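Notes follow the structure.
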Amino acid sequence: MRRIAGALRGDFAVAARPAWGYGLLCAVAICLPLVAGVLTGHVREGATAALGGYLTVFGDAPGLPYGERARKLLRTAFMATLGVGLGQLIQPWPWLAAVVIGLVAAAGAVWPVISVPAVLAVALTYFAPSGAGLPARMAITAAGGLLITALVLVLWPVRRLQPLRTAFEEAGTALADLLVAAGRAPLSDESWESLRRRAVTTHDAAARAFSLYRVSQEDDRALERLLTTLDRIFRETIALRVLRAAAVQEDPDGRWAEELDETTEALAHALREAVTLGGQAAAPEAMDAVGRFADLNEEVRRAAHARRTPLPAAVLLGQIRRCLDRVGTAVRSISQQAEEAVEVGPRLPRFTRPRLPVLSTGHHPVRLGLAVTLAMALMLLAHEHYAKWFVVTVLVSLRPAYRDTVDRVTLRVVGTAVGAAGAAVVLAVAPGHTYLIVFIGVCALLGFAFRGVSYGYWTMFATPLSLMLSDFTLPLDWGAAAARVTLTVAGGALALVVARLLWPRGHRASLTGRIVDTLERHAALVRSLVDRDPKAVLERISDASEAARLLGDSLDRLDKEPGGSAPQRLRDAVTAARRLRDNALALLAVPAPVEESGPTVTLLDMVADRLEDVAEAVRTGRPLTRADDLDRVLDELGAQVDRLTERRLGEVDEGAADRMTGVRRGVMHAVAARPALRGLGAEALGLASFTAPRA
């Protein structure tokens, strides 16, 4: 009960300002057909058009670019129209209808194109009173969907670039916040991970937004360069954090830390200005800050040659300076590209060739189909007047995970109780279609305004909306309101029973494969660092990140199974894998190894071997049998740096301070790579330990 209360508080939290304009637009589009139907005496036809509009906008995604948004709305309107036709076709055969609606629900869970609005259209139309002929009813439904599509897209020529600009702004701002955090004193792992996750999420959202725009070939290249530049800043920022932490250990009292803070602040400010204002006024100041840090680094280098400062600290600051140079160049490039902007002509969205369907797998489609068929059968046996409330509750409440079903049922019961009781009060005080239209309009306005910022309020206001629209021609009193709430509670109970009894556990079995895949992909990443091909390394990082994400998703779903609990050690393994990838990025940013650099290649091979050995042990269920010297090689890193440092200082004493000798290249790699190698080795050992089979 405490968990449910906590979930409800989270669901009703308002994350941002509600979209009042969007809510008002949806309310107008839904209520216009109702008003027209009442005024012309065609109430049933008006309700059909309003329901078609509601089902269409139910599938809307306001954050999408307008071309993709138009395709999605038109596709939803088309599928809802087909659903209405199918629902009316099966009306004469109740028991056939029970099977058909169950099959459609299962098909919708398998193939996302058959969306929830389409399944709702079938169910609601089957229970609706017979009226207009099939072609007329489908035409009216399509008209309602097209009306709301036109109203939603009416501002397309003016606002067509807004989603693109918003995605770009959010990605750049999140990256600027991460850059500031990387240059300051180390944050807690939780705070850093939150900023890092937001930077990755917004970058992916920007990449998706860019891919959905149909622009010229020249602008396509500009957008691709922009994404590549943002990605480069992200990689250098990750490396900067690792190098800064190592420099603090070598020289904890150096005044360079304050200068680094100012430099990263200036770079972050220039990046924010570029993505929010589209200008580059702050870019020169940021480059000046990078230059000041370079001057300070030169002073530290001379002090190190005079043995007043540890040479490793000077080497690390030199690598930090190179990171800042690359970030500064990237920020200046983004400033220039943002000022030039990308223009997208006000042409209609293109309809591309149909793609192969993306199908979902697992037990959920079968479970949903059986549950909806059972709900239909129970209502046919009971001859309940408001049976649709029971069936629709089962349809929209049953989720793939048990705990998600619990949360959905709770919200739906609360929403239906509030909505049905509110409508009953309104009609008891002032009966008639006019006041019901006002109530529906208020629900639509509030529901769609809160849709993107509070799932709880969206459910409360939108839950009764489709059912009120489908019952628009029926009288509503206190008895009807009580019956509807009771049927909603009963439908939620059935959804919980089905979620609890039919294949409630299944994700634990998939964990072994996810763990093996994560280990093997991270081993491949480590091996790719030997050759240091940036393209290959970045591809391996992407593959390893996806494997770890899938493992994390499996753990999340395991937590939602009845009595399920994901092992904490596997959660720690996902964290260790993320840190391993960060250290891989840091290692990619430092100079390449040379013969004088020590055991870099040997260590990378041994780390990859350790991960592959653990993957094999997990796959077979047998404990690790092969021993290695990974711990010893990690300990040798410090001794190697000390030896190279002494040799380099000897060269300086002999007058070779400014010559690029083999020893100097070796020191530059060994010192800069040591923190990344230590971190990579330590996280690999942690990943192996967390995932290794338990005796």
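Labels for the structure tokens follow display order: chains A, B, ..., residues from 1 in each chain, ligands from 1.
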
Exercise for the section: Can you pull out every residue within 7 Å of Phe448 in chain A, counting only C-alpha atoms, but drop anything in the same chain fewer than 4 positions away, and send it as number ranges by chain? Expected result: A: 22-23, 444, 458

Practice task
Show which residues sit within 12 Å of Phe450 in chain A, as a PyMOL selection string. Count only C-alpha atoms, and ignore same-chain residues fewer than 3 positions away.
Solution key: chain A and resi 11-24+443-447+453-462

Handout entry: Polymer residues at most 12 Å from range 276-285 of chain A, only C-alpha atoms, same-chain spacing of 2 or more positions, as JSON, numbers by chain
Key = {"A": [165, 166, 167, 168, 169, 170, 171, 172, 173, 174, 176, 262, 263, 264, 265, 266, 267, 268, 269, 270, 271, 272, 273, 274, 287, 288, 289, 290, 291, 292, 327, 328, 329, 330, 331, 332, 333, 334, 335, 336, 337, 338, 339, 340, 341, 342]}

Handout entry: Residue with smallest distance to Arg137 in chain A - pool A:Met376, A:Ala592, A:Ala608, A:Leu51, counting only C-alpha atoms
Key = A:Leu51

Problem - Non-local contacts of range 106-115 of chain A (12 Å; only C-alpha atoms; under 5 positions in same chain excluded) as a PyMOL selection string - result: chain A and resi 55-56+58-60+71-83+99-101+120-122+354-373+395-396+398-400

Exercise for the section: Could you give me, as a ChimeraX atom specification, the residues within 9 Å of Gly183 in chain A, counting only C-alpha atoms and dropping anything in the same chain fewer than 3 positions from it? Expected result: /A:178-180,186,237,240-241,244,257,260-265

Exercise for the section: Please provide the set of residues having any atom within 7 Å of Val394 in chain A, restricted to only C-alpha atoms, with same-chain residues fewer than 4 positions apart removed, written as a list in words. Expected result: Val372, Phe390, Leu398, Gly491, Gly492, Leu494 and Ala495 of chain A

Write the selection just made, keeping C-alpha atoms, as a PDB file, in the first residue's frame?
ATOM      1  CA  VAL A 372     -10.070  -9.290 -23.324  1.00  0.00           C
ATOM      2  CA  PHE A 390     -15.512  -3.427 -17.913  1.00  0.00           C
ATOM      3  CA  LEU A 398      -3.247  -4.914 -18.505  1.00  0.00           C
ATOM      4  CA  GLY A 491     -12.300  -4.785 -14.840  1.00  0.00           C
ATOM      5  CA  GLY A 492      -9.208  -3.675 -12.964  1.00  0.00           C
ATOM      6  CA  LEU A 494      -9.681  -9.021 -13.662  1.00  0.00           C
ATOM      7  CA  ALA A 495      -6.601  -7.370 -15.180  1.00  0.00           C
TER       8      ALA A 495
END

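If you look at CA of Glu636 in chain A and CA of Ala584 in chain A, they are 19.5 Å away from each other.
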
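Note that the spacing between CA of Asp251 in chain A and CA of Arg232 in chain A amounts to 27.8 Å.
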
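As for CA of Val530 in chain A and CA of Leu677 in chain A, they are spaced 12.0 Å apart.
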
Practice task
Pull the helix (DSSP H, G or I) assignments for range 72-234 of chain A out of DSSP run on the backbone, and list those residues as a VMD selection string.
Solution key: chain A and resid 72 to 89 94 to 110 116 to 127 134 to 152 156 to 159 162 to 183 189 to 211 217 to 234

Distance table requested - range 115-209 of chain A against range 25-46 of chain A, cut-off 7 Å, only C-alpha atoms: one row per qualifying residue with the closest atom pair and its distance in Å to one decimal, ordered by chain and rising residue number, as a Markdown table.
| residue | atom | partner | partner_atom | distance |
| --- | --- | --- | --- | --- |
| A:Ile140 | CA | A:Glu45 | CA | 7.0 |
| A:Leu147 | CA | A:Ala29 | CA | 7.0 |
| A:Ile148 | CA | A:Ala29 | CA | 5.4 |

Exercise for the section: Can you pull out every residue within 8 Å of Tyr126 in chain A, counting only C-alpha atoms, but drop anything in the same chain fewer than 3 positions away, and send it as a VMD selection string? Expected result: chain A and resid 87 to 88 90 to 91 97 122 to 123

Handout entry: Residue nearest Gln249 in chain A among A:Pro675, A:Pro562, A:Gly686, A:Pro94 (counting only C-alpha atoms)
Key = A:Pro675

Completion exercise
Closest of A:Ile440, A:Val671, A:Thr488, A:Thr202 to Gly415 in chain A, counting only C-alpha atoms, is A:Thr488
